[in-house]
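Just work_3.txt here, compact mmCIF, C-alpha atoms (C1' of nucleotides):
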# COMPACT_ATOMS: atom_id res chain seq x y z
CA MET A 1 134.25 -15.13 277.56
CA HIS A 2 137.82 -13.92 277.48
CA SER A 3 139.22 -10.42 277.38
CA ILE A 4 141.91 -9.80 274.79
CA GLY A 5 144.57 -10.00 277.47
CA GLN A 6 143.32 -13.37 278.68
CA LEU A 7 143.18 -14.67 275.13
CA ALA A 8 146.71 -13.46 274.52
CA LYS A 9 147.93 -15.42 277.56
CA ARG A 10 146.19 -18.59 276.44
CA VAL A 11 147.46 -18.28 272.90
CA GLU A 12 150.89 -17.09 274.04
CA CYS A 13 151.15 -14.16 271.72
CA PRO A 14 151.06 -10.39 272.17
CA VAL A 15 147.70 -8.63 272.35
CA GLU A 16 148.66 -6.55 269.32
CA THR A 17 149.06 -9.67 267.23
CA LEU A 18 145.48 -10.72 267.97
CA ARG A 19 144.21 -7.31 266.91
CA TYR A 20 146.33 -7.61 263.79
CA TRP A 21 144.90 -11.02 262.91
CA GLU A 22 141.44 -9.57 263.34
CA LYS A 23 142.23 -6.65 261.08
CA GLU A 24 143.52 -9.13 258.49
CA GLY A 25 140.30 -11.09 258.64
CA LEU A 26 141.85 -14.25 260.11
CA LEU A 27 140.17 -13.92 263.48
CA PRO A 28 136.43 -13.07 263.46
CA THR A 29 135.41 -9.80 265.06
CA PRO A 30 134.40 -10.51 268.65
CA TYR A 31 131.54 -9.14 270.71
CA ARG A 32 132.20 -5.65 272.07
CA GLY A 33 131.16 -4.62 275.57
CA GLU A 34 129.63 -1.20 276.14
CA ASN A 35 133.11 0.12 276.91
CA ASN A 36 134.18 -1.07 273.48
CA TYR A 37 136.38 -3.81 274.92
CA ARG A 38 136.63 -7.06 272.96
CA TRP A 39 135.12 -10.21 274.48
CA TYR A 40 135.99 -13.56 272.96
CA GLN A 41 134.22 -16.91 273.01
CA ASP A 42 135.84 -20.35 273.03
CA SER A 43 135.48 -20.54 269.28
CA HIS A 44 137.79 -17.56 269.03
CA LEU A 45 140.27 -19.26 271.31
CA GLU A 46 140.31 -22.34 269.13
CA ARG A 47 140.76 -20.27 265.99
CA ALA A 48 143.55 -18.24 267.51
CA LEU A 49 145.35 -21.39 268.61
CA PHE A 50 145.01 -22.77 265.11
CA ILE A 51 146.56 -19.64 263.65
CA ARG A 52 149.38 -19.58 266.16
CA ASN A 53 150.14 -23.24 265.57
CA CYS A 54 150.33 -22.61 261.85
CA ARG A 55 152.57 -19.61 262.41
CA ASN A 56 154.82 -21.71 264.61
CA LEU A 57 155.03 -24.05 261.64
CA ASP A 58 156.23 -21.07 259.64
CA MET A 59 153.21 -20.85 257.40
CA SER A 60 152.42 -17.48 255.87
CA LEU A 61 149.18 -15.73 256.69
CA ALA A 62 148.11 -16.40 253.10
CA GLU A 63 148.54 -20.13 253.61
CA ILE A 64 146.67 -19.97 256.89
CA ARG A 65 143.87 -18.03 255.25
CA GLN A 66 143.59 -20.86 252.72
CA LEU A 67 143.58 -23.48 255.40
CA LEU A 68 140.91 -21.65 257.36
CA SER A 69 138.69 -21.39 254.34
CA TYR A 70 139.02 -25.14 253.78
CA LYS A 71 138.25 -25.71 257.43
CA ASP A 72 135.09 -23.67 257.09
CA GLN A 73 133.76 -26.00 254.39
CA PRO A 74 133.55 -29.29 256.29
CA ASP A 75 131.90 -31.19 253.46
CA ILE A 76 134.54 -30.98 250.77
CA ARG A 77 137.48 -33.36 250.44
CA CYS A 78 140.65 -32.56 252.33
CA ASP A 79 143.17 -33.30 249.60
CA GLN A 80 143.81 -29.58 249.21
CA VAL A 81 144.96 -29.47 252.81
CA ASN A 82 147.35 -32.27 252.05
CA ARG A 83 148.64 -30.48 249.01
CA LEU A 84 149.17 -27.22 250.85
CA LEU A 85 151.11 -29.03 253.54
CA ASP A 86 153.19 -30.95 251.02
CA GLU A 87 154.11 -27.73 249.29
CA HIS A 88 154.98 -26.08 252.53
CA ILE A 89 157.17 -29.02 253.51
CA SER A 90 159.02 -28.85 250.24
CA HIS A 91 159.62 -25.14 250.70
CA VAL A 92 161.09 -25.79 254.10
CA THR A 93 163.23 -28.59 252.67
CA GLU A 94 164.51 -26.32 249.95
CA ARG A 95 165.34 -23.62 252.43
CA ILE A 96 167.29 -26.05 254.56
CA ALA A 97 169.28 -27.19 251.55
CA SER A 98 170.04 -23.65 250.48
CA LEU A 99 171.09 -22.63 254.01
CA THR A 100 173.32 -25.69 254.25
CA LEU A 101 175.08 -24.71 251.05
CA LEU A 102 175.37 -21.20 252.40
CA LYS A 103 176.95 -22.44 255.59
CA ASP A 104 179.55 -24.41 253.66
CA THR A 105 180.46 -21.34 251.65
CA LEU A 106 180.68 -19.20 254.76
CA GLU A 107 182.88 -21.71 256.52
CA SER A 108 185.28 -22.08 253.66
CA LEU A 109 185.42 -18.30 253.42
CA ARG A 110 186.15 -18.14 257.12
CA GLN A 111 188.99 -20.63 256.69
CA ARG A 112 190.79 -18.16 254.48
CA CYS A 113 191.63 -15.97 257.43
CA VAL A 114 192.79 -17.92 260.47
CA THR A 115 195.47 -15.53 261.63
CA GLU A 116 194.96 -11.91 262.50
CA LYS A 117 196.06 -9.83 259.60
CA ASN A 118 195.50 -6.25 258.64
CA MET A 119 192.35 -5.41 256.77
CA ASP A 120 194.05 -4.93 253.46
CA ALA A 121 195.49 -8.46 253.63
CA CYS A 122 192.35 -10.18 254.93
CA GLU A 123 191.56 -13.01 252.56
CA ILE A 124 187.93 -12.96 253.55
CA LEU A 125 187.49 -9.46 252.19
CA VAL A 126 189.39 -10.45 249.08
CA GLY A 127 187.11 -13.42 248.60
CA LEU A 128 184.04 -11.27 248.99
CA SER A 129 185.19 -8.77 246.41
CA CYS A 130 185.57 -11.16 243.53
CA ASP A 131 183.36 -11.53 240.51
CA GLN A 132 182.45 -15.18 240.98
CA ALA A 133 179.02 -15.73 242.44
CA GLN A 134 179.34 -16.66 246.11
CA GLY A 135 176.86 -18.77 247.98
CA THR A 136 173.42 -19.63 246.68
CA THR A 137 172.14 -17.25 244.11
CA ASP A 138 168.90 -18.53 245.55
CA LYS A 139 166.70 -19.16 242.58
CA CYS A 140 164.57 -21.51 244.60
CA SER A 141 163.40 -19.84 247.73
CA SER A 142 161.13 -17.13 246.47
CA HIS A 143 158.83 -18.40 249.16
CA LEU A 144 160.99 -19.00 252.22
CA ARG A 145 162.61 -16.40 254.43
CA GLY A 146 166.35 -16.39 254.79
CA ALA A 147 168.52 -15.50 257.74
CA HIS A 148 167.18 -12.29 259.30
CA PRO A 149 163.53 -12.38 260.33
CA GLY A 150 161.77 -9.72 262.32
CA SER A 151 161.69 -9.80 266.07
CA SER A 152 160.49 -12.97 267.76
CA ARG A 153 156.90 -13.88 268.47
CA SER A 154 157.48 -14.50 272.18
CA ILE A 155 154.87 -13.40 274.68
CA MET B 1 182.48 3.89 232.92
CA HIS B 2 179.25 1.93 233.20
CA SER B 3 175.66 3.07 233.03
CA ILE B 4 173.40 1.81 235.77
CA GLY B 5 171.94 -0.76 233.41
CA GLN B 6 175.37 -2.10 232.50
CA LEU B 7 176.35 -2.27 236.17
CA ALA B 8 173.14 -4.11 236.95
CA LYS B 9 173.96 -6.72 234.29
CA ARG B 10 177.47 -7.22 235.63
CA VAL B 11 176.31 -7.46 239.22
CA GLU B 12 173.26 -9.51 238.27
CA CYS B 13 170.74 -7.51 240.22
CA PRO B 14 167.92 -5.14 239.29
CA VAL B 15 168.71 -1.52 238.59
CA GLU B 16 166.40 -0.49 241.41
CA THR B 17 168.47 -2.41 243.89
CA LEU B 18 171.59 -0.46 242.97
CA ARG B 19 169.74 2.81 243.46
CA TYR B 20 168.51 1.48 246.78
CA TRP B 21 172.00 0.56 247.96
CA GLU B 22 173.14 4.05 247.01
CA LYS B 23 170.31 5.62 248.97
CA GLU B 24 171.29 3.49 251.96
CA GLY B 25 174.86 4.69 251.73
CA LEU B 26 176.35 1.31 250.81
CA LEU B 27 177.29 2.29 247.30
CA PRO B 28 179.03 5.68 246.84
CA THR B 29 177.20 8.25 244.77
CA PRO B 30 178.53 8.05 241.22
CA TYR B 31 179.37 10.76 238.75
CA ARG B 32 176.31 12.22 237.02
CA GLY B 33 176.29 13.15 233.35
CA GLU B 34 174.66 16.37 232.21
CA ASN B 35 171.44 14.45 231.61
CA ASN B 36 171.56 13.39 235.28
CA TYR B 37 172.34 9.78 234.39
CA ARG B 38 174.61 7.84 236.75
CA TRP B 39 178.05 6.78 235.49
CA TYR B 40 180.00 4.25 237.48
CA GLN B 41 183.71 3.48 237.66
CA ASP B 42 185.34 0.11 238.22
CA SER B 43 185.58 0.83 241.93
CA HIS B 44 181.80 0.97 242.02
CA LEU B 45 181.61 -2.33 240.22
CA GLU B 46 183.88 -3.96 242.77
CA ARG B 47 181.91 -2.52 245.65
CA ALA B 48 178.59 -3.62 244.17
CA LEU B 49 179.92 -7.14 243.64
CA PHE B 50 181.09 -7.19 247.25
CA ILE B 51 177.64 -6.19 248.46
CA ARG B 52 175.88 -8.69 246.23
CA ASN B 53 178.21 -11.47 247.33
CA CYS B 54 177.47 -10.68 250.96
CA ARG B 55 173.75 -10.59 250.24
CA ASN B 56 174.03 -13.95 248.53
CA LEU B 57 175.59 -15.13 251.77
CA ASP B 58 172.43 -13.89 253.48
CA MET B 59 174.10 -11.11 255.38
CA SER B 60 171.96 -8.17 256.39
CA LEU B 61 172.71 -4.72 255.06
CA ALA B 62 173.75 -3.75 258.58
CA GLU B 63 176.37 -6.50 258.60
CA ILE B 64 177.56 -5.46 255.17
CA ARG B 65 177.77 -1.86 256.29
CA GLN B 66 180.04 -3.02 259.12
CA LEU B 67 182.19 -5.06 256.79
CA LEU B 68 182.54 -2.17 254.37
CA SER B 69 183.62 0.17 257.12
CA TYR B 70 186.29 -2.35 258.16
CA LYS B 71 187.36 -2.66 254.57
CA ASP B 72 187.77 1.10 254.37
CA GLN B 73 190.30 1.08 257.20
CA PRO B 74 193.05 -1.09 255.72
CA ASP B 75 195.45 -0.56 258.61
CA ILE B 76 193.51 -2.04 261.50
CA ARG B 77 193.44 -5.73 262.41
CA CYS B 78 190.90 -7.95 260.75
CA ASP B 79 189.75 -9.95 263.78
CA GLN B 80 186.46 -8.06 263.71
CA VAL B 81 185.78 -9.42 260.26
CA ASN B 82 186.40 -12.90 261.60
CA ARG B 83 184.08 -12.31 264.52
CA LEU B 84 181.28 -10.97 262.30
CA LEU B 85 181.57 -13.98 260.07
CA ASP B 86 181.64 -16.40 263.00
CA GLU B 87 178.47 -14.87 264.38
CA HIS B 88 176.79 -15.00 261.03
CA ILE B 89 177.74 -18.65 260.62
CA SER B 90 176.27 -19.50 263.99
CA HIS B 91 173.03 -17.73 263.08
CA VAL B 92 172.78 -19.76 259.93
CA THR B 93 173.51 -22.93 261.87
CA GLU B 94 170.77 -22.12 264.36
CA ARG B 95 168.30 -21.45 261.60
CA ILE B 96 169.07 -24.76 259.94
CA ALA B 97 168.50 -26.58 263.21
CA SER B 98 165.20 -24.84 263.82
CA LEU B 99 163.99 -25.48 260.27
CA THR B 100 164.93 -29.13 260.57
CA LEU B 101 162.81 -29.46 263.70
CA LEU B 102 160.03 -27.68 261.88
CA LYS B 103 160.22 -30.09 259.00
CA ASP B 104 159.94 -33.07 261.33
CA THR B 105 156.83 -31.62 262.90
CA LEU B 106 155.29 -30.86 259.53
CA GLU B 107 155.99 -34.35 258.27
CA SER B 108 154.50 -36.06 261.26
CA LEU B 109 151.47 -33.80 260.94
CA ARG B 110 151.20 -34.74 257.29
CA GLN B 111 151.27 -38.45 258.23
CA ARG B 112 148.03 -37.98 260.08
CA CYS B 113 146.07 -37.70 256.88
CA VAL B 114 147.11 -40.21 254.25
CA THR B 115 143.67 -40.95 252.86
CA GLU B 116 141.31 -38.41 251.40
CA LYS B 117 138.73 -37.60 253.99
CA ASN B 118 136.23 -34.82 254.35
CA MET B 119 137.43 -31.61 255.92
CA ASP B 120 135.68 -32.21 259.20
CA ALA B 121 137.49 -35.51 259.63
CA CYS B 122 140.91 -34.34 258.45
CA GLU B 123 143.38 -35.20 261.19
CA ILE B 124 145.73 -32.47 260.08
CA LEU B 125 143.18 -29.79 260.85
CA VAL B 126 142.45 -31.48 264.14
CA GLY B 127 146.14 -31.49 264.99
CA LEU B 128 146.47 -27.81 264.13
CA SER B 129 143.55 -26.83 266.33
CA CYS B 130 144.88 -28.26 269.55
CA ASP B 131 146.28 -26.39 272.50
CA GLN B 132 149.71 -28.02 272.54
CA ALA B 133 152.46 -25.90 271.09
CA GLN B 134 153.33 -27.19 267.61
CA GLY B 135 156.68 -26.76 265.97
CA THR B 136 159.46 -24.52 267.18
CA THR B 137 158.30 -21.66 269.32
CA ASP B 138 161.48 -20.20 267.89
CA LYS B 139 163.14 -18.49 270.78
CA CYS B 140 166.50 -18.60 269.03
CA SER B 141 166.24 -17.05 265.63
CA SER B 142 165.55 -13.42 266.34
CA HIS B 143 168.17 -12.82 263.66
CA LEU B 144 167.45 -15.27 260.86
CA ARG B 145 164.59 -15.19 258.42
CA GLY B 146 162.19 -18.12 258.29
CA ALA B 147 160.31 -19.61 255.42
CA HIS B 148 158.73 -16.79 253.37
CA PRO B 149 161.16 -14.13 252.19
CA GLY B 150 160.34 -11.36 249.79
CA SER B 151 160.62 -11.89 246.10
CA SER B 152 163.87 -13.23 244.74
CA ARG B 153 166.89 -11.19 243.82
CA SER B 154 167.17 -12.59 240.33
CA ILE B 155 168.04 -10.33 237.45
C1' DT C 1 163.00 12.03 210.02
C1' DA C 2 159.73 10.75 213.09
C1' DA C 3 157.85 7.57 216.03
C1' DA C 4 158.49 3.62 218.87
C1' DA C 5 161.33 1.11 222.04
C1' DA C 6 164.63 1.10 225.44
C1' DC C 7 166.76 3.39 228.93
C1' DC C 8 167.17 6.85 232.62
C1' DC C 9 165.26 9.88 236.60
C1' DT C 10 162.54 10.87 241.22
C1' DA C 11 159.40 10.23 244.92
C1' DA C 12 156.02 7.61 247.01
C1' DA C 13 153.59 3.60 248.08
C1' DG C 14 153.37 -1.48 248.54
C1' DT C 15 155.23 -5.93 250.42
C1' DT C 16 155.13 -9.30 255.28
C1' DA C 17 153.71 -9.84 259.77
C1' DC C 18 153.99 -7.66 262.91
C1' DT C 19 155.92 -3.98 266.70
C1' DT C 20 156.11 0.50 268.54
C1' DC C 21 154.30 4.88 269.40
C1' DA C 22 151.23 8.63 270.46
C1' DG C 23 147.34 9.83 272.71
C1' DG C 24 143.69 8.71 275.33
C1' DG C 25 139.68 6.14 277.78
C1' DT C 26 138.34 2.37 281.75
C1' DC C 27 138.65 -0.23 285.83
C1' DA C 28 140.26 -2.43 290.31
C1' DA C 29 143.07 -1.69 294.34
C1' DG C 30 144.92 0.91 298.02
C1' DC D 1 141.26 9.65 294.52
C1' DT D 2 145.08 8.45 292.41
C1' DT D 3 148.09 4.89 290.76
C1' DG D 4 148.72 1.10 287.88
C1' DA D 5 147.00 -2.38 284.90
C1' DC D 6 144.27 -2.92 281.12
C1' DC D 7 141.79 -1.52 276.91
C1' DC D 8 141.05 1.41 272.50
C1' DT D 9 142.47 3.62 267.74
C1' DG D 10 145.33 5.05 264.05
C1' DA D 11 149.75 5.89 262.27
C1' DA D 12 154.45 5.01 261.69
C1' DG D 13 158.46 1.90 261.84
C1' DT D 14 160.91 -2.60 260.56
C1' DA D 15 164.11 -5.06 256.18
C1' DA D 16 165.29 -4.93 251.75
C1' DC D 17 163.66 -4.27 248.39
C1' DT D 18 159.69 -3.97 244.40
C1' DT D 19 156.16 -1.55 242.16
C1' DT D 20 153.85 2.40 240.57
C1' DA D 21 153.25 6.95 238.78
C1' DG D 22 154.85 10.37 236.09
C1' DG D 23 158.13 12.14 233.18
C1' DG D 24 162.67 12.98 230.65
C1' DT D 25 166.53 11.06 227.02
C1' DT D 26 168.65 8.18 223.69
C1' DT D 27 168.76 4.73 220.44
C1' DT D 28 166.65 2.00 217.09
C1' DT D 29 163.56 1.12 213.58
C1' DA D 30 160.22 2.09 209.94

Entire entry expressed as structure tokens:
Amino acid sequence: MHSIGQLAKRVECPVETLRYWEKEGLLPTPYRGENNYRWYQDSHLERALFIRNCRNLDMSLAEIRQLLSYKDQPDIRCDQVNRLLDEHISHVTERIASLTLLKDTLESLRQRCVTEKNMDACEILVGLSCDQAQGTTDKCSSHLRGAHPGSSRSI
Amino acid sequence: MHSIGQLAKRVECPVETLRYWEKEGLLPTPYRGENNYRWYQDSHLERALFIRNCRNLDMSLAEIRQLLSYKDQPDIRCDQVNRLLDEHISHVTERIASLTLLKDTLESLRQRCVTEKNMDACEILVGLSCDQAQGTTDKCSSHLRGAHPGSSRSI
DNA sequence: TAAAAACCCTAAAGTTACTTCAGGGTCAAG
DNA sequence: CTTGACCCTGAAGTAACTTTAGGGTTTTTA
């Protein structure tokens, strides 16, 4: 039996995140002591590790929910797991490609101003003001986050 | 003079986004007709294009706000613009590196299940349940989004 | 000319995956 | 017995919108 703090240490995530996963139905509700504290079994630990591993692999909670539901039906075929993973991999691949394009655009934009000029002569600002589409218009990545995520998931 | 719908077409973004940028102080409040409709001038168009271009380059609204404030002081030196861009480029570079690592991990995980097994024998699920940290623990990218952004910014 | 379609408005809530905050119990150590 | 570490809940905040609800206006079509 682990307290929520102990579980958090083992899983290397904040206590609040565990409570959040529980509220979202990803982590089963644990036993409560008479002081209303949560007490977790090893099965909870395993599940929490699974979730954290998936999150480290940048899967969404929706994807993880899917995966968990597959996992809870041991008798069916696992090709759906394979498919989910394949799709996730292709999303990541797409995102890499789009960010690489982005980087090229940013670097060529940066090249336009190598000397220190005044603002009104800065070629970067000129480049940004024009009507041509700059960078990826990003039709692809409706699924993958871009360049400014929330704060980190460190312990 | 453009109506908000016309501006949205030119800028290739939803009408709601323009109203949002205005509320956030990025786009100046336009003239209002007697029916309370917004009417934009060419200066608004230019500004909106600037913002959209920056967004296409995956800059945050905070970064854009900075850039716009530089732009509004034509007499000062533009080295701050260069610095902002350099930082943004390095964020994007970091994110690419971390996603590339991620992809490797995902692909090696995917290799573990090439045949169709039952769920309880699926090596992928086994791999995801283990205690070892999988993928990037992502200490770097407190600034760059990951793999699941909001819905796209298409028109 | 009247009704339907297209366009405009505001304010508020929803999205993701948490984090932070406010306010308050519980427990072990000194 | 009090200080600090730990636990609880519920609500609000984060980014950059999107969606919804509810309601005007203008243009088009029948």

Tell me, as a list in words, which residues lie within 10 Å of B:Glu16, counting only C-alpha atoms (C1' of nucleotides); anything in the same chain fewer than 2 positions away does not count.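 Selected residues are Ile4, Gly5, Ala8, Cys13, Pro14, Leu18, Arg19, Tyr20, Trp21 and Glu22 of chain B; DC17 and DT18 of chain D.
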
Selection near C:DA12, 12 Å with only C-alpha atoms (C1' of nucleotides), sequence-local residues under 6 positions removed, as a list of chain:residue names: D:DT19, D:DT20, D:DA21, D:DG22

Where does chain A end up after superposition onto chain B over all in-order Cα pairs? Give it as a short mmCIF file (atom, residue, chain, number, x, y, z; two decimals) with C-alpha atoms, keeping the file's coordinate frame.
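Output file selection24.cif is given in full below:
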data_model
loop_
_atom_site.label_atom_id
_atom_site.label_comp_id
_atom_site.auth_asym_id
_atom_site.auth_seq_id
_atom_site.Cartn_x
_atom_site.Cartn_y
_atom_site.Cartn_z
CA MET A 1 182.79 4.17 233.14
CA HIS A 2 179.59 2.17 233.31
CA SER A 3 175.99 3.28 233.03
CA ILE A 4 173.66 1.95 235.70
CA GLY A 5 172.30 -0.60 233.27
CA GLN A 6 175.76 -1.90 232.44
CA LEU A 7 176.64 -2.10 236.12
CA ALA A 8 173.44 -3.98 236.81
CA LYS A 9 174.37 -6.57 234.16
CA ARG A 10 177.85 -7.03 235.57
CA VAL A 11 176.59 -7.32 239.12
CA GLU A 12 173.57 -9.39 238.07
CA CYS A 13 171.00 -7.45 239.98
CA PRO A 14 168.17 -5.11 239.02
CA VAL A 15 168.95 -1.45 238.36
CA GLU A 16 166.55 -0.47 241.14
CA THR A 17 168.58 -2.42 243.66
CA LEU A 18 171.70 -0.41 242.82
CA ARG A 19 169.80 2.83 243.31
CA TYR A 20 168.50 1.45 246.58
CA TRP A 21 171.99 0.56 247.82
CA GLU A 22 173.08 4.07 246.95
CA LYS A 23 170.18 5.59 248.84
CA GLU A 24 171.13 3.42 251.83
CA GLY A 25 174.68 4.67 251.72
CA LEU A 26 176.24 1.31 250.81
CA LEU A 27 177.25 2.34 247.31
CA PRO A 28 178.95 5.75 246.95
CA THR A 29 177.17 8.34 244.85
CA PRO A 30 178.58 8.17 241.33
CA TYR A 31 179.45 10.94 238.90
CA ARG A 32 176.42 12.40 237.13
CA GLY A 33 176.49 13.35 233.46
CA GLU A 34 174.85 16.57 232.32
CA ASN A 35 171.68 14.59 231.62
CA ASN A 36 171.72 13.51 235.25
CA TYR A 37 172.53 9.91 234.36
CA ARG A 38 174.76 7.98 236.76
CA TRP A 39 178.25 6.98 235.58
CA TYR A 40 180.19 4.45 237.60
CA GLN A 41 183.90 3.73 237.88
CA ASP A 42 185.54 0.34 238.44
CA SER A 43 185.68 1.03 242.15
CA HIS A 44 181.90 1.13 242.15
CA LEU A 45 181.79 -2.16 240.31
CA GLU A 46 184.01 -3.79 242.89
CA ARG A 47 181.94 -2.41 245.74
CA ALA A 48 178.70 -3.52 244.16
CA LEU A 49 180.06 -7.02 243.63
CA PHE A 50 181.13 -7.12 247.25
CA ILE A 51 177.64 -6.17 248.38
CA ARG A 52 175.97 -8.66 246.09
CA ASN A 53 178.28 -11.43 247.23
CA CYS A 54 177.45 -10.66 250.83
CA ARG A 55 173.75 -10.61 250.03
CA ASN A 56 174.08 -13.96 248.30
CA LEU A 57 175.58 -15.15 251.57
CA ASP A 58 172.39 -13.95 253.22
CA MET A 59 173.99 -11.17 255.19
CA SER A 60 171.80 -8.25 256.19
CA LEU A 61 172.54 -4.78 254.91
CA ALA A 62 173.51 -3.86 258.47
CA GLU A 63 176.16 -6.58 258.51
CA ILE A 64 177.41 -5.50 255.11
CA ARG A 65 177.58 -1.91 256.27
CA GLN A 66 179.79 -3.09 259.13
CA LEU A 67 181.99 -5.08 256.84
CA LEU A 68 182.38 -2.16 254.47
CA SER A 69 183.40 0.14 257.26
CA TYR A 70 186.05 -2.36 258.34
CA LYS A 71 187.20 -2.64 254.76
CA ASP A 72 187.60 1.12 254.59
CA GLN A 73 190.08 1.08 257.48
CA PRO A 74 192.87 -1.07 256.04
CA ASP A 75 195.21 -0.57 258.98
CA ILE A 76 193.21 -2.10 261.80
CA ARG A 77 193.17 -5.80 262.66
CA CYS A 78 190.67 -8.02 260.90
CA ASP A 79 189.48 -10.03 263.88
CA GLN A 80 186.18 -8.17 263.81
CA VAL A 81 185.59 -9.49 260.32
CA ASN A 82 186.19 -12.97 261.62
CA ARG A 83 183.81 -12.42 264.47
CA LEU A 84 181.07 -11.07 262.24
CA LEU A 85 181.41 -14.07 259.97
CA ASP A 86 181.42 -16.51 262.87
CA GLU A 87 178.25 -14.98 264.21
CA HIS A 88 176.62 -15.09 260.84
CA ILE A 89 177.57 -18.74 260.43
CA SER A 90 176.07 -19.60 263.77
CA HIS A 91 172.85 -17.83 262.85
CA VAL A 92 172.63 -19.85 259.69
CA THR A 93 173.36 -23.03 261.63
CA GLU A 94 170.63 -22.23 264.10
CA ARG A 95 168.17 -21.55 261.34
CA ILE A 96 168.94 -24.86 259.71
CA ALA A 97 168.38 -26.68 262.98
CA SER A 98 165.10 -24.92 263.61
CA LEU A 99 163.87 -25.59 260.06
CA THR A 100 164.84 -29.25 260.40
CA LEU A 101 162.77 -29.54 263.55
CA LEU A 102 159.96 -27.78 261.76
CA LYS A 103 160.11 -30.22 258.89
CA ASP A 104 159.88 -33.18 261.25
CA THR A 105 156.81 -31.69 262.88
CA LEU A 106 155.20 -30.97 259.53
CA GLU A 107 155.86 -34.48 258.29
CA SER A 108 154.46 -36.16 261.34
CA LEU A 109 151.43 -33.89 261.07
CA ARG A 110 151.07 -34.87 257.44
CA GLN A 111 151.18 -38.55 258.41
CA ARG A 112 147.99 -38.09 260.38
CA CYS A 113 145.95 -37.80 257.23
CA VAL A 114 146.91 -40.33 254.57
CA THR A 115 143.44 -41.09 253.29
CA GLU A 116 141.02 -38.57 251.90
CA LYS A 117 138.54 -37.72 254.56
CA ASN A 118 136.07 -34.93 254.98
CA MET A 119 137.30 -31.72 256.49
CA ASP A 120 135.65 -32.27 259.82
CA ALA A 121 137.48 -35.59 260.24
CA CYS A 122 140.87 -34.42 258.96
CA GLU A 123 143.41 -35.23 261.63
CA ILE A 124 145.73 -32.53 260.39
CA LEU A 125 143.22 -29.83 261.23
CA VAL A 126 142.59 -31.47 264.57
CA GLY A 127 146.30 -31.49 265.29
CA LEU A 128 146.60 -27.84 264.39
CA SER A 129 143.78 -26.81 266.68
CA CYS A 130 145.21 -28.18 269.88
CA ASP A 131 146.71 -26.28 272.75
CA GLN A 132 150.14 -27.90 272.72
CA ALA A 133 152.82 -25.80 271.11
CA GLN A 134 153.56 -27.15 267.64
CA GLY A 135 156.87 -26.80 265.90
CA THR A 136 159.63 -24.50 267.06
CA THR A 137 158.44 -21.67 269.18
CA ASP A 138 161.56 -20.17 267.70
CA LYS A 139 163.26 -18.44 270.56
CA CYS A 140 166.54 -18.54 268.74
CA SER A 141 166.18 -17.04 265.33
CA SER A 142 165.45 -13.43 266.05
CA HIS A 143 168.05 -12.82 263.40
CA LEU A 144 167.33 -15.29 260.61
CA ARG A 145 164.44 -15.24 258.19
CA GLY A 146 162.09 -18.18 258.10
CA ALA A 147 160.21 -19.72 255.22
CA HIS A 148 158.67 -16.91 253.14
CA PRO A 149 161.11 -14.30 251.88
CA GLY A 150 160.29 -11.57 249.42
CA SER A 151 160.63 -12.09 245.72
CA SER A 152 163.94 -13.36 244.40
CA ARG A 153 166.95 -11.26 243.57
CA SER A 154 167.29 -12.61 240.03
CA ILE A 155 168.25 -10.27 237.22
#

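Each of B:Leu26, B:Glu123, B:Gln41, B:Asn56 was checked against chain A using only C-alpha atoms; the smallest atom-to-atom distance is that of B:Asn56.
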
Near B:Val126, counting only C-alpha atoms (C1' of nucleotides), which residues have an atom at most 10 Å away, once you skip same-chain residues fewer than 4 positions from it, shown as a PyMOL selection string? (chain A and resi 50+71) or (chain B and resi 109+112+119-122+130)

Saved selection, atoms kept: C-alpha atoms, as a PDB file, in the frame of the given file:
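Heads up, here's the output in again14.pdb:
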ATOM      1  CA  PHE A  50     145.010 -22.770 265.110  1.00  0.00           C
ATOM      2  CA  LYS A  71     138.250 -25.710 257.430  1.00  0.00           C
TER       3      LYS A  71
ATOM      4  CA  LEU B 109     151.470 -33.800 260.940  1.00  0.00           C
ATOM      5  CA  ARG B 112     148.030 -37.980 260.080  1.00  0.00           C
ATOM      6  CA  MET B 119     137.430 -31.610 255.920  1.00  0.00           C
ATOM      7  CA  ASP B 120     135.680 -32.210 259.200  1.00  0.00           C
ATOM      8  CA  ALA B 121     137.490 -35.510 259.630  1.00  0.00           C
ATOM      9  CA  CYS B 122     140.910 -34.340 258.450  1.00  0.00           C
ATOM     10  CA  CYS B 130     144.880 -28.260 269.550  1.00  0.00           C
TER      11      CYS B 130
END

Calculate how many Å separate atom C1' of C:DG23 from atom CA of A:Arg38, rounding to one decimal.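 About the pair atom C1' of C:DG23 and atom CA of A:Arg38: they are 20.0 Å apart.
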
Calculate how many Å separate atom CA of A:Arg95 from atom CA of A:Leu68, rounding to one decimal. 25.0 Å

For B:Val81, find every residue with an atom within 9 Å (counting all atoms listed in the file), except residues of its own chain fewer than 4 positions away, and show them as a PyMOL selection string. (chain A and resi 119+122+124-125) or (chain B and resi 66-67+70-71+77+85-86)

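Closest to chain C among A:Arg55, A:Lys9, A:His2, A:Arg32 is A:Arg55, based on all atoms listed in the file.
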
If we count all atoms listed in the file, which residues of chain C reach to within 10 Å of chain B? Please list them as a PyMOL selection string. chain C and resi 7-9+15-16

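Taking atom CA of A:Met1 and atom CA of B:Gly127 as the two end points, the separation is 23.8 Å.
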
List as JSON lines every residue of chain D that is in contact with chain A, defined as an atom at most 9 Å from one of its atoms (using all atoms listed in the file), together with the nearest atom pair and the distance in Å rounded to one decimal, sorted by chain and then rising number.
{"residue": "D:DC6", "atom": "C1'", "partner": "A:Gly5", "partner_atom": "CA", "distance": 8.0}
{"residue": "D:DC7", "atom": "C1'", "partner": "A:Tyr37", "partner_atom": "CA", "distance": 6.2}
{"residue": "D:DC8", "atom": "C1'", "partner": "A:Asn36", "partner_atom": "CA", "distance": 7.4}
{"residue": "D:DT14", "atom": "C1'", "partner": "A:Gly150", "partner_atom": "CA", "distance": 7.4}
{"residue": "D:DA15", "atom": "C1'", "partner": "A:Gly150", "partner_atom": "CA", "distance": 8.1}
